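Novice: File upload.tsv follows (TSV, C-alpha atoms):
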chain	number	residue	atom	x	y	z
G	1	MET	CA	-3.68	8.39	15.26
G	2	ILE	CA	-6.78	6.65	16.65
G	3	LYS	CA	-9.05	8.08	13.92
G	4	GLN	CA	-6.52	7.05	11.25
G	5	GLN	CA	-6.41	3.52	12.68
G	6	ASN	CA	-10.21	3.33	12.81
G	7	ASP	CA	-10.55	4.61	9.23
G	8	ILE	CA	-8.10	2.09	7.80
G	9	THR	CA	-9.57	-0.78	9.85
G	10	VAL	CA	-13.10	0.00	8.62
G	11	TRP	CA	-11.81	0.18	5.04
G	12	LEU	CA	-10.03	-3.18	5.36
G	13	GLN	CA	-13.21	-4.77	6.79
G	14	GLN	CA	-15.20	-3.61	3.75
G	15	LEU	CA	-12.84	-5.24	1.26
G	16	SER	CA	-13.77	-8.88	1.89
G	17	GLY	CA	-15.07	-10.37	-1.36
G	18	GLN	CA	-14.10	-7.37	-3.49
G	19	GLU	CA	-11.81	-7.63	-6.51
G	20	LEU	CA	-8.74	-5.46	-6.96
G	21	ARG	CA	-9.37	-3.57	-10.21
G	22	SER	CA	-6.33	-1.33	-10.60
G	23	VAL	CA	-3.25	0.06	-8.90
G	24	ASP	CA	-1.74	3.47	-9.57
G	25	ALA	CA	1.53	4.58	-8.03
G	26	LEU	CA	3.17	7.93	-7.51
G	27	LEU	CA	6.72	7.32	-8.73
G	28	PHE	CA	9.77	9.49	-8.17
G	29	ILE	CA	11.64	10.18	-11.40
G	30	PHE	CA	15.09	11.73	-11.52
G	31	ASP	CA	17.21	12.01	-14.68
G	32	GLY	CA	14.69	9.84	-16.51
G	33	VAL	CA	14.95	6.92	-14.04
G	34	GLU	CA	11.66	5.78	-12.44
G	35	GLU	CA	11.83	4.46	-8.88
G	36	ILE	CA	9.15	1.79	-9.40
G	37	ASP	CA	10.30	-0.50	-6.56
G	38	HIS	CA	9.57	2.09	-3.87
G	39	PRO	CA	6.61	4.25	-4.88
G	40	GLN	CA	5.85	7.45	-3.00
G	41	ALA	CA	2.21	6.34	-2.73
G	42	VAL	CA	-0.14	3.69	-4.12
G	43	SER	CA	-3.79	4.12	-5.02
G	44	LEU	CA	-5.81	0.91	-4.90
G	45	THR	CA	-9.20	0.63	-6.58
G	46	PHE	CA	-11.49	-2.27	-5.70
G	47	SER	CA	-14.69	-3.47	-7.41
G	48	THR	CA	-17.28	-1.86	-5.14
G	49	SER	CA	-15.23	0.71	-3.29
G	50	GLU	CA	-13.74	4.08	-4.04
G	51	ASN	CA	-9.99	4.29	-4.36
G	52	CYS	CA	-7.73	4.39	-1.34
G	53	VAL	CA	-4.27	5.92	-1.19
G	54	LEU	CA	-1.55	4.47	1.01
G	55	LYS	CA	1.62	6.48	1.60
G	56	CYS	CA	4.29	7.14	4.20
G	57	ALA	CA	3.10	9.43	6.98
G	58	SER	CA	5.01	12.58	7.88
G	59	ASP	CA	6.45	10.91	11.00
G	60	GLY	CA	8.63	8.78	8.69
G	61	GLU	CA	7.57	5.44	10.13
G	62	SER	CA	3.81	4.95	9.95
G	63	MET	CA	1.43	4.63	7.02
G	64	GLN	CA	-1.10	7.25	6.04
G	65	PHE	CA	-4.48	6.32	4.56
G	66	SER	CA	-6.54	8.76	2.49
G	67	ARG	CA	-9.10	9.03	-0.29
G	68	GLU	CA	-7.29	11.83	-2.13
G	69	LEU	CA	-6.32	11.51	-5.77
G	70	LEU	CA	-2.68	11.06	-6.69
G	71	MET	CA	-1.29	14.09	-8.50
G	72	ASN	CA	1.80	14.65	-10.65
G	73	ASN	CA	4.37	16.98	-9.12
G	74	ASP	CA	7.20	18.68	-11.00
G	75	MET	CA	9.99	19.48	-8.54
G	76	GLY	CA	12.21	21.19	-11.12
G	77	GLU	CA	15.88	20.25	-10.88
G	78	PHE	CA	15.05	17.77	-8.08
G	79	GLY	CA	12.99	15.51	-10.34
G	80	LYS	CA	9.32	14.69	-10.71
G	81	GLN	CA	6.63	12.61	-9.14
G	82	LEU	CA	4.39	11.07	-11.78
G	83	VAL	CA	1.27	8.93	-11.44
G	84	ARG	CA	1.58	5.65	-13.34
G	85	ASP	CA	-0.74	2.67	-13.72
G	86	VAL	CA	1.31	-0.20	-12.25
G	87	SER	CA	-1.43	-2.84	-12.46
G	88	ALA	CA	0.59	-4.82	-15.01
G	89	CYS	CA	3.86	-4.61	-13.05
G	90	ALA	CA	5.40	-7.74	-11.53
G	91	MET	CA	4.20	-7.33	-7.94
G	92	TRP	CA	0.64	-6.32	-8.83
G	93	HIS	CA	-0.45	-8.10	-12.03
G	94	LYS	CA	-1.16	-11.41	-10.28
G	95	CYS	CA	-3.60	-9.63	-7.91
G	96	ILE	CA	-5.68	-7.76	-10.49
G	97	ASP	CA	-9.25	-9.07	-10.79
G	98	LYS	CA	-8.69	-11.39	-7.83
G	99	GLN	CA	-11.11	-11.42	-4.90
G	100	VAL	CA	-9.91	-10.34	-1.45
G	101	PHE	CA	-10.08	-13.22	0.99
G	102	LYS	CA	-8.28	-11.76	4.02
G	103	THR	CA	-6.88	-8.37	5.06
G	104	TYR	CA	-4.12	-7.54	7.53
G	105	LEU	CA	-3.03	-4.56	9.53
G	106	LEU	CA	0.70	-4.37	10.25
G	107	GLU	CA	1.42	-2.54	13.50
G	108	SER	CA	4.61	-1.54	15.29
G	109	GLU	CA	5.17	-2.16	18.98
G	110	CYS	CA	4.13	1.48	19.51
G	111	ASP	CA	0.71	0.69	17.95
G	112	LYS	CA	1.51	2.66	14.80
G	113	ILE	CA	0.14	1.35	11.53
G	114	VAL	CA	3.17	0.59	9.36
G	115	GLY	CA	1.45	-1.43	6.63
G	116	VAL	CA	-1.48	-3.35	5.27
G	117	GLY	CA	-1.84	-6.69	3.55
G	118	PHE	CA	-4.26	-8.51	1.31
G	119	SER	CA	-4.69	-12.23	0.61
G	120	PHE	CA	-6.64	-13.13	-2.48
G	121	ASP	CA	-8.79	-16.12	-3.38
G	122	SER	CA	-6.04	-17.77	-5.39
G	123	GLU	CA	-3.58	-17.89	-2.46
G	124	ILE	CA	-1.81	-14.76	-3.71
G	125	SER	CA	-0.86	-12.11	-1.17
G	126	ILE	CA	0.53	-8.60	-1.29
G	127	PHE	CA	1.67	-6.31	1.52
G	128	VAL	CA	2.41	-2.58	1.43
G	129	MET	CA	4.70	-1.46	4.22
G	130	ASN	CA	6.51	1.70	5.31
G	131	LEU	CA	10.13	0.93	6.13
G	132	GLY	CA	12.25	3.95	6.88
G	133	ASP	CA	10.06	6.46	5.06
G	134	GLU	CA	9.85	4.35	1.89
G	135	LEU	CA	7.05	2.08	0.72
G	136	TYR	CA	8.01	-1.54	0.17
G	137	ILE	CA	5.83	-4.12	-1.56
G	138	PHE	CA	6.10	-7.76	-0.43
G	139	ASP	CA	4.28	-10.86	-1.60
G	140	ARG	CA	4.85	-12.87	1.59
G	141	ILE	CA	3.97	-11.87	5.14
G	142	GLU	CA	7.14	-13.56	6.38
G	143	ASP	CA	9.19	-11.00	4.43
G	144	CYS	CA	7.33	-8.15	6.14
G	145	LEU	CA	7.83	-9.58	9.60
G	146	ALA	CA	11.49	-10.42	8.94
G	147	SER	CA	12.15	-6.81	7.89
G	148	ASP	CA	11.35	-5.63	11.42
G	149	PRO	CA	10.95	-8.05	14.35
G	150	ASP	CA	8.76	-5.57	16.24
G	151	ILE	CA	5.96	-5.72	13.65
G	152	ASN	CA	2.75	-7.55	14.46
G	153	ALA	CA	0.30	-8.69	11.80
G	154	ARG	CA	-3.35	-8.56	12.82
G	155	VAL	CA	-5.99	-10.23	10.65
G	156	ILE	CA	-8.88	-7.83	10.07
G	157	VAL	CA	-11.17	-10.02	7.92
Once you've parsed the file, please lay out its structure as structure tokens.
Specialist:
Amino acid sequence: MIKQQNDITVWLQQLSGQELRSVDALLFIFDGVEEIDHPQAVSLTFSTSENCVLKCASDGESMQFSRELLMNNDMGEFGKQLVRDVSACAMWHKCIDKQVFKTYLLESECDKIVGVGFSFDSEISIFVMNLGDELYIFDRIEDCLASDPDINARVIV
């Protein structure tokens, strides 16, 4: 857990001044319906940094950070997981090509990382948070903190 926290903190520190270039999401699809509101994972690509993948950790409550590529997964009769470019989607399009001004680490009272946040130069923010083994995307920190009163937001940069 400590290494994971250090890795994500270092990554967040490096993002100051970078522009968000694209966002891919791993979406669950069942009977032709895409679950775009709660992706299985998101891959963020910034201007001078390699991509980073954020997804729910196996403990069901914290967030996992990695550099792996998102991959399609056919689960047969149980549906599919497909990688989609969601850069133009409602929650993300306003952040594309905007410069990161501030980053946040969202931590539970047990010191688990449950989310991250980004504020951009044009006063736009976005937060990715694990709530009950699902990723939620918020555009206001107040919504993140209201979703769980035991969450603390720590400014990284």
Novice: Nearest to Ser119 of chain G among G:Ala25, G:Ile151, G:Leu20, G:Leu135, with distances taken over only C-alpha atoms: which residue is it?
Specialist: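 Of G:Ala25, G:Ile151, G:Leu20, G:Leu135, the one nearest Ser119 of chain G is G:Leu20, counting only C-alpha atoms.
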Novice: What does the distance between atom CA of Ile113 of chain G and atom CA of Met63 of chain G come to in Å, to one decimal place?
Specialist: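 It comes out at 5.7 Å.
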Novice: When distances are computed from all atoms listed in the file, which of G:Ser58, G:Asn130, G:Gln13, G:Gln81 shows the smallest separation from Ser108 of chain G?
Specialist: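 Checking each of G:Ser58, G:Asn130, G:Gln13, G:Gln81 against Ser108 of chain G, counting all atoms listed in the file, the winner is G:Asn130.
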Novice: Name the closest residue to Ile124 of chain G among the candidates G:Asp143, G:Asp150, G:Asp111, G:Trp92; distances are taken between atoms, counting all atoms listed in the file.
Specialist: G:Trp92
Novice: Please indicate the distance in Å from atom CA of Val23 of chain G to atom CA of Arg84 of chain G, rounded to one decimal place.
Specialist: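 The value is 8.6 Å.
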Novice: When you count only C-alpha atoms, which of these residues is closest to Asn152 of chain G: G:Asp24, G:Glu34, G:Asp97, G:Glu109?
Specialist: G:Glu109
Novice: In the coordinate frame of the file, compute which residues have an atom within 9 Å of (11.5, 15.4, -10.5) when using only C-alpha atoms, and state them as a list in words.
Specialist: Phe28, Ile29, Phe30, Asp31, Gly32, Asn73, Asp74, Met75, Gly76, Glu77, Phe78, Gly79, Lys80, Gln81 and Leu82 of chain G
Novice: Would you save the residues from that selection as a PDB file, keeping the file's coordinate frame, using C-alpha atoms?
Specialist:
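The result, written out as out-v5.pdb:
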ATOM      1  CA  PHE G  28       9.770   9.490  -8.170  1.00  0.00           C
ATOM      2  CA  ILE G  29      11.640  10.180 -11.400  1.00  0.00           C
ATOM      3  CA  PHE G  30      15.090  11.730 -11.520  1.00  0.00           C
ATOM      4  CA  ASP G  31      17.210  12.010 -14.680  1.00  0.00           C
ATOM      5  CA  GLY G  32      14.690   9.840 -16.510  1.00  0.00           C
ATOM      6  CA  ASN G  73       4.370  16.980  -9.120  1.00  0.00           C
ATOM      7  CA  ASP G  74       7.200  18.680 -11.000  1.00  0.00           C
ATOM      8  CA  MET G  75       9.990  19.480  -8.540  1.00  0.00           C
ATOM      9  CA  GLY G  76      12.210  21.190 -11.120  1.00  0.00           C
ATOM     10  CA  GLU G  77      15.880  20.250 -10.880  1.00  0.00           C
ATOM     11  CA  PHE G  78      15.050  17.770  -8.080  1.00  0.00           C
ATOM     12  CA  GLY G  79      12.990  15.510 -10.340  1.00  0.00           C
ATOM     13  CA  LYS G  80       9.320  14.690 -10.710  1.00  0.00           C
ATOM     14  CA  GLN G  81       6.630  12.610  -9.140  1.00  0.00           C
ATOM     15  CA  LEU G  82       4.390  11.070 -11.780  1.00  0.00           C
TER      16      LEU G  82
END
Novice: Pick the closest to Leu131 of chain G from G:Glu107, G:Ala153, G:Ser147, G:Thr48: which is it, counting all atoms listed in the file?
Specialist: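 Under the stated criterion, the closest residue is G:Ser147.
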Novice: Just want the 12 Å neighbourhood of Ser66 of chain G, counted on all atoms listed in the file, with same-chain residues fewer than 4 positions away dropped. Output as a ChimeraX atom specification.
Specialist: /G:3-5,7-8,11,41-44,50-57,70
Novice: Restrict the selected residues to C-alpha atoms and save them as a PDB file, in the coordinates of the input.
Specialist:
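Result saved to out_26.pdb:
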ATOM      1  CA  LYS G   3      -9.050   8.080  13.920  1.00  0.00           C
ATOM      2  CA  GLN G   4      -6.520   7.050  11.250  1.00  0.00           C
ATOM      3  CA  GLN G   5      -6.410   3.520  12.680  1.00  0.00           C
ATOM      4  CA  ASP G   7     -10.550   4.610   9.230  1.00  0.00           C
ATOM      5  CA  ILE G   8      -8.100   2.090   7.800  1.00  0.00           C
ATOM      6  CA  TRP G  11     -11.810   0.180   5.040  1.00  0.00           C
ATOM      7  CA  ALA G  41       2.210   6.340  -2.730  1.00  0.00           C
ATOM      8  CA  VAL G  42      -0.140   3.690  -4.120  1.00  0.00           C
ATOM      9  CA  SER G  43      -3.790   4.120  -5.020  1.00  0.00           C
ATOM     10  CA  LEU G  44      -5.810   0.910  -4.900  1.00  0.00           C
ATOM     11  CA  GLU G  50     -13.740   4.080  -4.040  1.00  0.00           C
ATOM     12  CA  ASN G  51      -9.990   4.290  -4.360  1.00  0.00           C
ATOM     13  CA  CYS G  52      -7.730   4.390  -1.340  1.00  0.00           C
ATOM     14  CA  VAL G  53      -4.270   5.920  -1.190  1.00  0.00           C
ATOM     15  CA  LEU G  54      -1.550   4.470   1.010  1.00  0.00           C
ATOM     16  CA  LYS G  55       1.620   6.480   1.600  1.00  0.00           C
ATOM     17  CA  CYS G  56       4.290   7.140   4.200  1.00  0.00           C
ATOM     18  CA  ALA G  57       3.100   9.430   6.980  1.00  0.00           C
ATOM     19  CA  LEU G  70      -2.680  11.060  -6.690  1.00  0.00           C
TER      20      LEU G  70
END
Novice: I need the residue nearest Cys89 of chain G from this list: G:Asp133, G:Asp37, G:Glu68, G:Glu61. Use only C-alpha atoms for the distance.
Specialist: G:Asp37
Novice: Suppose you want the space between atom CA of Asp148 of chain G and atom CA of Ile126 of chain G; what is it in Å?
Specialist: 17.0 Å
Novice: Select, counting all atoms listed in the file, all protein, DNA and RNA residues no farther than 7 Å from (-10.9, -5.2, -6.2) in file coordinates, and express the selection as number ranges by chain.
Specialist: G: 18-21, 45-47, 97-99
